[in-house]
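input-v4.txt, holding compact mmCIF, C-alpha atoms:
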```txt
# COMPACT_ATOMS: atom_id res chain seq x y z
CA MET A 1 -54.02 74.87 78.21
CA ILE A 2 -51.34 72.97 80.07
CA LEU A 3 -53.43 69.78 80.00
CA ALA A 4 -54.04 70.19 76.25
CA SER A 5 -50.34 70.65 75.65
CA LEU A 6 -49.56 67.53 77.64
CA ILE A 7 -52.11 65.50 75.67
CA VAL A 8 -50.75 66.73 72.32
CA GLY A 9 -47.23 65.97 73.48
CA ALA A 10 -48.22 62.48 74.62
CA CYS A 11 -49.95 61.77 71.29
CA ALA A 12 -46.93 62.99 69.35
CA SER A 13 -44.67 60.74 71.41
CA ALA A 14 -47.00 57.80 70.89
CA ASN A 15 -47.09 58.41 67.13
CA LYS A 16 -43.33 58.72 67.02
CA ALA A 17 -42.93 55.44 68.87
CA ALA A 18 -45.47 53.71 66.62
CA ILE A 19 -43.65 54.90 63.50
CA LYS A 20 -40.33 53.76 64.92
CA GLN A 21 -41.74 50.33 65.75
CA ALA A 22 -43.39 50.00 62.33
CA SER A 23 -40.13 51.03 60.68
CA ALA A 24 -38.17 48.33 62.52
CA GLU A 25 -40.73 45.61 61.81
CA SER A 26 -41.14 46.59 58.19
CA ALA A 27 -37.38 46.50 57.68
CA ARG A 28 -37.37 42.88 58.85
CA SER A 29 -40.34 41.89 56.69
CA PHE A 30 -38.86 43.72 53.70
CA ALA A 31 -35.56 41.86 54.09
CA ALA A 32 -37.54 38.60 54.20
CA GLY A 33 -39.38 39.51 51.00
CA ASP A 34 -42.73 39.78 52.77
CA TYR A 35 -43.87 42.93 51.01
CA ALA A 36 -47.51 42.50 51.98
CA LYS A 37 -46.55 42.74 55.65
CA THR A 38 -44.18 45.62 54.95
CA LEU A 39 -47.00 47.70 53.49
CA GLY A 40 -49.56 46.40 55.97
CA LEU A 41 -47.65 47.77 58.94
CA TYR A 42 -47.65 51.30 57.55
CA ARG A 43 -51.18 50.99 56.24
CA GLU A 44 -52.36 50.29 59.79
CA LEU A 45 -50.75 53.52 61.01
CA TYR A 46 -52.08 55.45 58.04
CA MET A 47 -55.65 54.28 58.60
CA LYS A 48 -55.46 55.50 62.20
CA ASP A 49 -53.97 58.91 61.37
CA ARG A 50 -54.24 59.98 57.72
CA THR A 51 -53.33 63.58 58.50
CA ASN A 52 -50.00 62.78 60.15
CA GLY A 53 -47.36 63.98 57.73
CA LYS A 54 -44.68 61.69 59.13
CA VAL A 55 -46.92 58.64 58.77
CA VAL A 56 -47.81 59.58 55.19
CA THR A 57 -44.13 60.15 54.36
CA ALA A 58 -43.06 56.85 55.91
CA TYR A 59 -45.85 54.98 54.15
CA GLY A 60 -44.94 56.52 50.81
CA ALA A 61 -41.26 55.65 51.33
CA ALA A 62 -42.15 52.03 52.04
CA ILE A 63 -44.27 51.83 48.88
CA GLU A 64 -41.44 53.30 46.80
CA GLU A 65 -39.00 50.84 48.34
CA VAL A 66 -41.16 47.85 47.37
CA LYS A 67 -41.51 49.23 43.83
CA SER A 68 -37.72 49.68 43.60
CA ALA A 69 -37.19 46.11 44.81
CA ALA A 70 -39.59 44.84 42.14
CA ASP A 71 -37.79 46.78 39.42
CA GLU A 72 -34.41 45.56 40.62
CA ASP A 73 -35.51 41.91 40.70
CA ARG A 74 -36.96 42.23 37.22
CA GLY A 75 -33.68 43.69 36.00
CA LYS A 76 -31.79 40.74 37.48
CA GLY A 77 -34.11 38.22 35.87
CA SER A 78 -35.76 37.23 39.17
CA TYR A 79 -39.16 37.44 37.53
CA THR A 80 -41.13 35.38 40.03
CA THR A 81 -40.03 37.56 42.95
CA ALA A 82 -40.59 40.74 40.97
CA GLN A 83 -44.01 39.53 39.85
CA ASP A 84 -45.05 38.95 43.46
CA ALA A 85 -43.92 42.44 44.46
CA TYR A 86 -45.80 44.12 41.62
CA ARG A 87 -48.89 42.11 42.46
CA VAL A 88 -48.77 43.17 46.14
CA LEU A 89 -48.57 46.82 45.11
CA ILE A 90 -51.45 46.47 42.66
CA GLU A 91 -53.64 44.70 45.19
CA SER A 92 -52.79 47.34 47.83
CA TRP A 93 -53.29 50.31 45.51
CA ASP A 94 -56.76 51.27 46.71
CA GLY A 95 -55.41 51.45 50.26
CA PHE A 96 -52.97 54.22 49.41
CA SER A 97 -54.67 55.80 46.39
CA ALA A 98 -54.97 59.09 48.32
CA ILE A 99 -51.19 59.47 48.43
CA ALA A 100 -50.65 58.03 44.94
CA PRO A 101 -50.11 61.51 43.39
CA LYS A 102 -47.00 61.84 45.57
CA LEU A 103 -45.47 58.61 44.26
CA THR A 104 -42.98 58.44 41.38
CA PHE A 105 -45.07 55.87 39.49
CA LYS A 106 -48.65 55.08 38.56
CA LYS A 107 -50.75 51.94 38.78
CA VAL A 108 -50.38 51.40 35.04
CA ASP A 109 -46.60 51.15 35.55
CA LEU A 110 -47.12 48.34 38.03
CA GLU A 111 -49.45 46.53 35.65
CA ALA A 112 -46.91 46.87 32.85
CA GLY A 113 -44.16 45.51 35.10
CA LEU A 114 -46.32 42.57 36.12
CA ARG A 115 -47.12 41.76 32.50
CA ASP A 116 -43.46 41.97 31.50
CA CYS A 117 -42.53 39.51 34.26
CA ARG A 118 -45.36 37.21 33.22
CA LEU A 119 -44.15 37.19 29.63
CA ALA A 120 -40.55 36.64 30.67
CA LEU A 121 -41.62 33.60 32.68
CA CYS A 122 -43.65 32.41 29.68
CA GLU A 123 -40.54 32.66 27.54
CA ARG A 124 -38.53 30.69 30.07
CA GLN A 125 -41.13 27.90 30.17
CA PHE A 126 -41.34 27.97 26.38
CA ARG A 127 -37.59 27.40 26.06
CA GLN A 128 -37.68 24.56 28.54
CA GLY A 129 -40.53 22.86 26.71
CA LEU A 130 -38.90 23.41 23.34
CA GLY A 131 -35.64 21.90 24.59
CA ALA A 132 -37.49 18.84 25.85
CA GLY A 133 -39.40 18.45 22.59
CA SER A 134 -42.69 19.05 24.41
CA TYR A 135 -44.46 21.56 22.21
CA SER A 136 -47.67 21.55 24.21
CA GLN A 137 -45.70 22.45 27.35
CA ALA A 138 -43.79 25.09 25.41
CA LEU A 139 -46.94 26.97 24.39
CA ALA A 140 -48.99 26.27 27.52
CA ALA A 141 -47.71 29.29 29.45
CA TYR A 142 -48.41 31.66 26.57
CA GLN A 143 -51.89 30.20 26.21
CA LEU A 144 -52.57 31.01 29.87
CA ALA A 145 -51.20 34.51 29.33
CA LEU A 146 -53.64 34.99 26.44
CA LYS A 147 -56.50 34.26 28.83
CA GLU A 148 -55.06 36.62 31.45
CA TYR A 149 -54.52 39.42 28.93
CA PRO A 150 -57.23 38.99 26.28
CA GLY A 151 -56.68 41.22 23.30
CA ASP A 152 -53.27 42.41 24.47
CA LYS A 153 -51.17 42.95 21.34
CA ALA A 154 -47.84 42.30 23.06
CA VAL A 155 -49.02 38.96 24.45
CA THR A 156 -50.54 37.93 21.11
CA ALA A 157 -47.33 38.87 19.31
CA ARG A 158 -45.20 36.82 21.72
CA TYR A 159 -47.54 33.87 21.32
CA GLY A 160 -47.37 34.12 17.55
CA LYS A 161 -43.57 34.33 17.62
CA ALA A 162 -43.37 31.23 19.83
CA ALA A 163 -45.74 29.27 17.58
CA GLY A 164 -43.69 30.44 14.61
CA GLU A 165 -40.53 28.96 16.11
CA ILE A 166 -42.25 25.62 16.49
CA ARG A 167 -43.53 25.85 12.93
CA ALA A 168 -39.98 26.54 11.69
CA ILE A 169 -38.77 23.34 13.37
CA GLY A 170 -41.53 21.47 11.54
CA VAL A 171 -40.60 23.00 8.19
CA LYS A 172 -36.95 22.07 8.70
CA ALA A 173 -37.88 18.52 9.72
CA LEU A 174 -40.09 18.09 6.65
CA ALA A 175 -37.32 19.34 4.35
CA ALA A 176 -35.01 16.75 5.92
CA LYS A 177 -37.72 14.09 5.43
CA ASP A 178 -38.01 13.58 9.15
CA TYR A 179 -41.68 12.79 8.71
CA ALA A 180 -42.23 11.65 12.28
CA LEU A 181 -41.15 14.97 13.82
CA ALA A 182 -42.73 17.09 11.09
CA GLY A 183 -46.00 15.19 11.44
CA LYS A 184 -46.02 15.60 15.20
CA ILE A 185 -45.45 19.35 14.94
CA ASN A 186 -47.95 20.02 12.16
CA ARG A 187 -50.64 17.97 13.89
CA PHE A 188 -50.02 19.90 17.10
CA LEU A 189 -50.22 23.26 15.36
CA LEU A 190 -53.37 22.27 13.50
CA LYS A 191 -55.07 21.15 16.72
CA ASN A 192 -53.84 24.30 18.44
CA LEU A 193 -55.36 26.43 15.69
CA GLU A 194 -58.68 24.64 16.12
CA SER A 195 -58.65 24.92 19.92
CA THR A 196 -58.12 28.69 19.89
CA ALA A 197 -61.19 29.06 17.67
CA GLY A 198 -59.52 31.88 15.73
CA VAL A 199 -58.93 34.05 18.80
CA VAL A 200 -55.44 34.93 17.62
CA GLY A 201 -55.80 33.87 14.01
CA ALA A 202 -52.79 32.49 12.18
CA ALA A 203 -50.59 33.18 15.21
CA ALA A 204 -51.86 29.94 16.72
CA ALA A 205 -50.33 28.04 13.82
CA GLY A 206 -47.09 29.95 13.69
CA GLY A 207 -48.27 32.05 10.77
CA SER A 208 -49.42 29.09 8.67
CA SER A 209 -52.91 28.52 7.34
CA ARG A 210 -55.03 25.48 8.05
CA GLN A 211 -54.51 24.38 4.44
CA GLU A 212 -50.71 24.59 4.70
CA LEU A 213 -50.65 22.51 7.85
CA ALA A 214 -53.01 19.93 6.37
CA GLU A 215 -50.86 19.62 3.25
CA ALA A 216 -47.72 19.17 5.34
CA LEU A 217 -49.49 16.46 7.32
CA ARG A 218 -50.48 14.65 4.15
CA GLU A 219 -46.87 14.74 2.97
CA CYS A 220 -45.68 13.30 6.29
CA SER A 221 -48.34 10.61 6.20
CA SER A 222 -47.49 9.69 2.62
CA GLY A 223 -43.77 9.58 3.37
CA LEU A 224 -44.17 7.21 6.30
CA THR A 225 -46.79 5.08 4.52
CA ASN A 226 -44.56 4.58 1.50
CA GLY A 227 -41.45 4.10 3.60
CA GLY A 228 -43.19 1.39 5.57
CA LEU A 229 -44.43 -0.31 2.40
CA ALA A 230 -40.90 -0.31 0.96
CA GLU A 231 -39.56 -1.99 4.09
CA TYR A 232 -42.49 -4.43 4.13
CA ARG A 233 -41.81 -5.52 0.54
CA LYS A 234 -38.16 -6.11 1.39
CA GLY A 235 -39.28 -8.35 4.22
CA ASN A 236 -38.09 -5.90 6.89
CA LEU A 237 -41.25 -6.24 8.93
CA GLU A 238 -39.90 -4.66 12.11
CA ASN A 239 -38.77 -1.57 10.20
CA ALA A 240 -42.15 -1.34 8.51
CA ILE A 241 -43.97 -1.59 11.82
CA ALA A 242 -41.71 1.09 13.32
CA LEU A 243 -42.34 3.54 10.48
CA TRP A 244 -46.08 3.00 10.55
CA GLY A 245 -46.01 3.39 14.32
CA GLU A 246 -44.49 6.85 13.85
CA LEU A 247 -47.38 7.72 11.55
CA LEU A 248 -49.95 6.51 14.07
CA ALA A 249 -48.30 8.68 16.71
CA PHE A 250 -49.73 11.79 14.99
CA ASP A 251 -52.60 10.11 13.12
CA PRO A 252 -53.91 7.49 15.58
CA GLU A 253 -57.24 7.09 13.75
CA ASN A 254 -55.68 5.97 10.47
CA ALA A 255 -57.57 2.69 9.93
CA GLU A 256 -55.56 1.62 6.88
CA ILE A 257 -52.24 1.89 8.69
CA LYS A 258 -53.64 0.22 11.80
CA LYS A 259 -54.61 -2.75 9.67
CA ALA A 260 -51.19 -2.79 7.96
CA VAL A 261 -49.46 -2.85 11.36
CA GLU A 262 -51.67 -5.72 12.57
CA THR A 263 -50.91 -7.69 9.39
CA ALA A 264 -47.17 -7.09 9.66
CA LYS A 265 -47.15 -8.02 13.35
CA ALA A 266 -49.03 -11.24 12.64
CA GLN A 267 -46.56 -12.18 9.91
CA LEU A 268 -43.62 -11.29 12.11
CA GLY A 269 -45.05 -13.46 14.88
CA LYS A 270 -45.34 -16.44 12.50
CA LEU A 271 -41.78 -15.96 11.29
CA LYS A 272 -40.44 -15.89 14.82
CA SER A 273 -42.46 -19.00 15.73
CA SER A 274 -41.19 -20.92 12.71
CA THR A 275 -37.62 -19.86 13.47
CA ARG A 276 -37.89 -21.07 17.06
CA GLY A 277 -39.47 -24.34 15.80
CA GLY A 278 -36.60 -24.87 13.34
CA LYS A 279 -34.02 -24.40 16.06
CA ARG A 280 -35.70 -26.97 18.33
CA SER A 281 -35.76 -29.57 15.55
```
How does this structure look as structure tokens?
Amino acid sequence: MILASLIVGACASANKAAIKQASAESARSFAAGDYAKTLGLYRELYMKDRTNGKVVTAYGAAIEEVKSAADEDRGKGSYTTAQDAYRVLIESWDGFSAIAPKLTFKKVDLEAGLRDCRLALCERQFRQGLGAGSYSQALAAYQLALKEYPGDKAVTARYGKAAGEIRAIGVKALAAKDYALAGKINRFLLKNLESTAGVVGAAAAGGSSRQELAEALRECSSGLTNGGLAEYRKGNLENAIALWGELLAFDPENAEIKKAVETAKAQLGKLKSSTRGGKRS
């Protein structure tokens, strides 16, 4: 009896010391943002003694603390940090699924938080790409998100909205007869529509149909072709070459314009040679 009491007392003291040590170490790892280590320390204790109420309570408190940190970071716009925290909790979920009913959240809440952070980061990258005039970069993040969350309505809607913003820039450029920019955008959206193979339908083209994009492209091509011809007939060969070069930027396989550029360049070269020859004489 006495020996049994001593053993129980020694085990209780050992458990108490282990919890205290884990608490101190986890506090340091939590402050450093190492949430995987924070949970790992308590998980180790929990695996050794699942029936110890104090261990279970401490483990649950640590899990809640990591979840709260993730929510707080998301609220502050620190989406990368929050995303990492949600991911750690999701990946660790099976390890503490037995105590999950005691938590204030469910796994689906973590998955929703992770997706929200992912979309917020997509939006940030989209704005950066849009500001730089790089439309492929702008939509790249959303395209990755579509692969990560296939069929997710929220992700598809965000993607469609982003493509729609790009389309609106193209419409505005075309109305202003900025054929170079409008052509670039409409060609991009048309290729993007083809590359998605109809996975998200018209969303890939910002709500426009293939026919609408093709018609806009033809208008851009016609505008630059005619503008170049007008400059060519005036003898403004450099201007003509520049305008046709803008057309080739979104329609590089246009054989007729390629030939026109070669002709204009050859004539410009002869003019420059004759001018230099006249100066020498």
Proximity to A:Lys48 - best of A:Ala18, A:Thr275, A:Leu89, A:Gly164, only C-alpha atoms: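 For A:Lys48, the nearest of the given residues is A:Ala18.
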Minimum-distance residue to A:Asp73, chosen among A:Ala112, A:Ala168, A:Ala162, A:Ala85 (using only C-alpha atoms):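 Smallest distance to A:Asp73 is found for A:Ala85.
We find atom CA of A:Leu237 and atom CA of A:Asn254 to be spaced 19.0 Å apart.
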Coordinates-based distance that separates atom CA of A:Glu65 from atom CA of A:Ala98 (Å, one decimal):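 These two atoms are separated by 18.0 Å.
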Interatomic distance (Å, one decimal) between atom CA of A:Ala70 and atom CA of A:Ala82: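 Answer for the atom CA of A:Ala70 to atom CA of A:Ala82 separation: 4.4 Å.
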Which residue of A:Gly183, A:Leu271, A:Asn239, A:Asn192 approaches A:Pro252 most closely, using only C-alpha atoms: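 Result for the nearest residue to A:Pro252: A:Gly183.
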